[in-house]
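Shown below: upload-v4.pdb, with PDB, C-alpha atoms.
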MODEL        1
ATOM      1  CA  MET A  24       0.000   0.000   0.000
ATOM      2  CA  VAL A  25       1.509   3.322  -1.027
ATOM      3  CA  GLU A  26       1.130   6.604   0.861
ATOM      4  CA  SER A  27      -1.500   7.935  -1.566
ATOM      5  CA  ASP A  28      -3.657   4.855  -0.869
ATOM      6  CA  ARG A  29      -3.603   5.651   2.833
ATOM      7  CA  ALA A  30      -4.537   9.282   2.219
ATOM      8  CA  ARG A  31      -7.665   8.491   0.207
ATOM      9  CA  GLY A  32      -8.536   5.223   1.934
ATOM     10  CA  ILE A  33      -9.222   1.704   0.790
ATOM     11  CA  GLU A  34     -11.739   1.008  -1.966
ATOM     12  CA  GLY A  35     -13.415  -2.078  -3.342
ATOM     13  CA  TRP A  36     -16.687  -3.922  -3.423
ATOM     14  CA  PHE A  37     -18.368  -6.946  -1.904
ATOM     15  CA  TRP A  38     -21.724  -8.662  -2.015
ATOM     16  CA  ASN A  39     -24.816  -6.994  -0.541
ATOM     17  CA  GLU A  40     -25.353  -9.877   1.877
ATOM     18  CA  ASP A  41     -21.944  -9.185   3.418
ATOM     19  CA  VAL A  42     -22.466  -5.538   4.402
ATOM     20  CA  GLN A  43     -23.513  -6.339   7.968
ATOM     21  CA  PRO A  44     -20.653  -8.752   8.764
ATOM     22  CA  PHE A  45     -18.171  -6.385   7.103
ATOM     23  CA  MET A  46     -19.344  -3.439   9.195
ATOM     24  CA  ALA A  47     -19.381  -5.507  12.397
ATOM     25  CA  LEU A  48     -15.842  -6.810  11.873
ATOM     26  CA  LEU A  49     -14.430  -3.457  10.821
ATOM     27  CA  ALA A  50     -16.061  -1.823  13.844
ATOM     28  CA  ARG A  51     -14.464  -4.432  16.067
ATOM     29  CA  TYR A  52     -11.029  -3.569  14.678
ATOM     30  CA  ALA A  53     -11.717   0.108  15.457
ATOM     31  CA  ASN A  54     -12.951  -0.782  18.975
ATOM     32  CA  TYR A  55     -16.442   0.436  18.160
ATOM     33  CA  ASP A  56     -19.506  -1.403  19.487
ATOM     34  CA  PHE A  57     -21.547  -1.911  16.303
ATOM     35  CA  ASP A  58     -25.018  -2.980  17.399
ATOM     36  CA  GLY A  59     -28.486  -3.479  15.956
ATOM     37  CA  THR A  60     -29.237   0.241  15.922
ATOM     38  CA  ASP A  61     -26.108   0.877  13.871
ATOM     39  CA  TRP A  62     -27.084  -1.847  11.443
ATOM     40  CA  GLN A  63     -30.599  -0.417  11.035
ATOM     41  CA  ALA A  64     -29.121   2.991  10.192
ATOM     42  CA  VAL A  65     -26.784   1.483   7.585
ATOM     43  CA  GLU A  66     -29.528  -0.684   6.099
ATOM     44  CA  VAL A  67     -31.879   2.291   5.682
ATOM     45  CA  GLY A  68     -29.060   4.536   4.456
ATOM     46  CA  LEU A  69     -28.129   2.079   1.705
ATOM     47  CA  GLU A  70     -31.635   1.994   0.206
ATOM     48  CA  ALA A  71     -31.302   5.119  -1.960
ATOM     49  CA  THR A  72     -27.640   4.732  -2.927
ATOM     50  CA  ASP A  73     -26.163   4.408  -6.403
ATOM     51  CA  ASP A  74     -22.478   3.613  -6.848
ATOM     52  CA  GLU A  75     -22.363   5.445 -10.180
ATOM     53  CA  HIS A  76     -23.310   8.789  -8.580
ATOM     54  CA  PRO A  77     -20.852  10.142  -5.972
ATOM     55  CA  ASP A  78     -23.567  12.264  -4.366
ATOM     56  CA  ARG A  79     -25.692   9.165  -3.701
ATOM     57  CA  TRP A  80     -23.255   7.276  -1.484
ATOM     58  CA  TYR A  81     -24.033   6.658   2.187
ATOM     59  CA  SER A  82     -21.416   7.419   4.849
ATOM     60  CA  TYR A  83     -21.301   5.910   8.303
ATOM     61  CA  PRO A  84     -18.762   6.811  10.993
ATOM     62  CA  LEU A  85     -17.149   4.174  13.163
ATOM     63  CA  VAL A  86     -15.703   6.127  16.075
ATOM     64  CA  GLY A  87     -14.007   3.732  18.415
ATOM     65  CA  SER A  88     -11.712   4.216  21.358
ATOM     66  CA  ASP A  89      -8.661   3.729  19.118
ATOM     67  CA  HIS A  90      -9.704   4.861  15.638
ATOM     68  CA  HIS A  91     -12.137   7.020  13.691
ATOM     69  CA  LEU A  92     -13.207   5.525  10.378
ATOM     70  CA  GLU A  93     -15.579   6.842   7.749
ATOM     71  CA  VAL A  94     -17.197   4.026   5.763
ATOM     72  CA  HIS A  95     -18.763   5.066   2.436
ATOM     73  CA  LEU A  96     -21.157   2.587   0.805
ATOM     74  CA  ALA A  97     -23.288   2.460  -2.337
ATOM     75  CA  LYS A  98     -25.255  -0.287  -4.048
ATOM     76  CA  ALA A  99     -24.825  -1.199  -7.689
ATOM     77  CA  VAL A 100     -28.192  -0.486  -9.279
ATOM     78  CA  GLY A 101     -29.578  -3.728 -10.656
ATOM     79  CA  GLY A 102     -26.821  -5.819  -9.066
ATOM     80  CA  ASP A 103     -25.902  -7.575  -5.849
ATOM     81  CA  GLU A 104     -22.668  -5.657  -5.302
ATOM     82  CA  VAL A 105     -21.955  -2.851  -2.850
ATOM     83  CA  SER A 106     -19.061  -0.481  -3.464
ATOM     84  CA  VAL A 107     -17.136   0.561  -0.371
ATOM     85  CA  ARG A 108     -14.481   3.070   0.595
ATOM     86  CA  VAL A 109     -12.918   3.174   4.053
ATOM     87  CA  ALA A 110     -11.137   6.391   5.021
ATOM     88  CA  GLY A 111     -10.400   8.503   8.055
ATOM     89  CA  THR A 112      -7.239   6.892   9.379
ATOM     90  CA  SER A 113      -3.624   6.625   8.374
ATOM     91  CA  ASN A 114      -3.130   3.540  10.565
ATOM     92  CA  HIS A 115      -1.519   1.083   8.155
ATOM     93  CA  GLU A 116      -2.609  -2.021  10.086
ATOM     94  CA  LEU A 117      -6.258  -0.958  10.199
ATOM     95  CA  LEU A 118      -6.287  -0.087   6.490
ATOM     96  CA  LEU A 119      -4.715  -3.468   5.702
ATOM     97  CA  ARG A 120      -7.407  -5.196   7.752
ATOM     98  CA  ALA A 121     -10.126  -3.237   5.905
ATOM     99  CA  ASP A 122      -8.550  -4.159   2.561
ATOM    100  CA  THR A 123      -8.393  -7.829   3.562
ATOM    101  CA  LEU A 124     -12.034  -7.826   4.686
ATOM    102  CA  ILE A 125     -13.136  -6.284   1.392
ATOM    103  CA  ALA A 126     -11.184  -8.862  -0.615
ATOM    104  CA  ALA A 127     -12.538 -11.738   1.468
ATOM    105  CA  PHE A 128     -16.162 -10.643   1.202
ATOM    106  CA  ALA A 129     -15.808 -10.057  -2.564
ATOM    107  CA  THR A 130     -14.964 -13.736  -2.995
ATOM    108  CA  ARG A 131     -17.683 -16.321  -3.366
ATOM    109  CA  LEU A 132     -16.582 -19.841  -2.699
ATOM    110  CA  VAL A 133     -18.292 -22.451  -4.827
ATOM    111  CA  ALA A 134     -18.706 -25.817  -3.111
TER     112      ALA A 134
ENDMDL
END
Would you encode the structure as structure tokens?
Amino acid sequence: MVESDRARGIEGWFWNEDVQPFMALLARYANYDFDGTDWQAVEVGLEATDDEHPDRWYSYPLVGSDHHLEVHLAKAVGGDEVSVRVAGTSNHELLLRADTLIAAFATRLVA
């Protein structure tokens, strides 16, 4: 990861069904207690998003005891994907964890 990546954050996508576990795990890494109320806010916020329009992304802060993250999310219209950008920290380890989570949730294992 180069310095410019850290400045703008980590970007990627994953499947819609993985938004909640992604947010819960990322919050855990930031020492933020992500609960049902948080999930309801994210779920409602995602409804009117469109990943092709920057002004129609939803942002949710994860302000933990150790880190402050800004998670930006938007659904792909007509698809099952959700675009994501995680910013707000220059902590290399936390950004690497976010990048790893995004990559893992973007993968569908076929049995």
Apply the PyMOL selection byres ((chain A and resi 105) around 6) to the structure shown and report the selected residues as a list in words.
Trp36, Phe37, Trp38, Asn39, Ala97, Lys98, Ala99, Glu104 and Ser106 of chain A
When distances are computed from all atoms listed in the file, which of A:Gly68, A:Gly35, A:Gly59, A:Gly111 shows the smallest separation from Glu93 in chain A?
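Of A:Gly68, A:Gly35, A:Gly59, A:Gly111, the one nearest Glu93 in chain A is A:Gly111, counting all atoms listed in the file.
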Interatomic distance, CA of Tyr52 in chain A to CA of Gly102 in chain A (Å, one decimal):
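That distance, rounded to one decimal, is 28.6 Å.
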As a check of understanding, name the residues that the PyMOL selection byres ((chain A and resi 96) around 12) selects in the supplied structure, as a ChimeraX atom specification.
/A:33-39,42-43,45-46,65-84,93-95,97-99,104-110,125
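In this comparison, which uses all atoms listed in the file, the residue of A:Ala53, A:Gln63, A:Glu40, A:His91 approaching Ala129 in chain A most closely is A:Glu40.
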What does the distance between CA of Asp103 in chain A and CA of Ala50 in chain A come to in Å, to one decimal place?
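If I compute the distance from CA of Asp103 in chain A to CA of Ala50 in chain A, I get 22.8 Å.
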Could you tell me which of A:Val100, A:Asp58, A:Leu49, A:Pro44 comes closest to Asp122 in chain A if we count only C-alpha atoms?
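When distances to Asp122 in chain A are compared using only C-alpha atoms, the smallest one comes from A:Leu49.
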Given the file above and the PyMOL selection byres ((chain A and resi 55) around 7), which residues are selected, and can you give them as number ranges by chain?
A: 50-51, 53-54, 56-57, 85-88
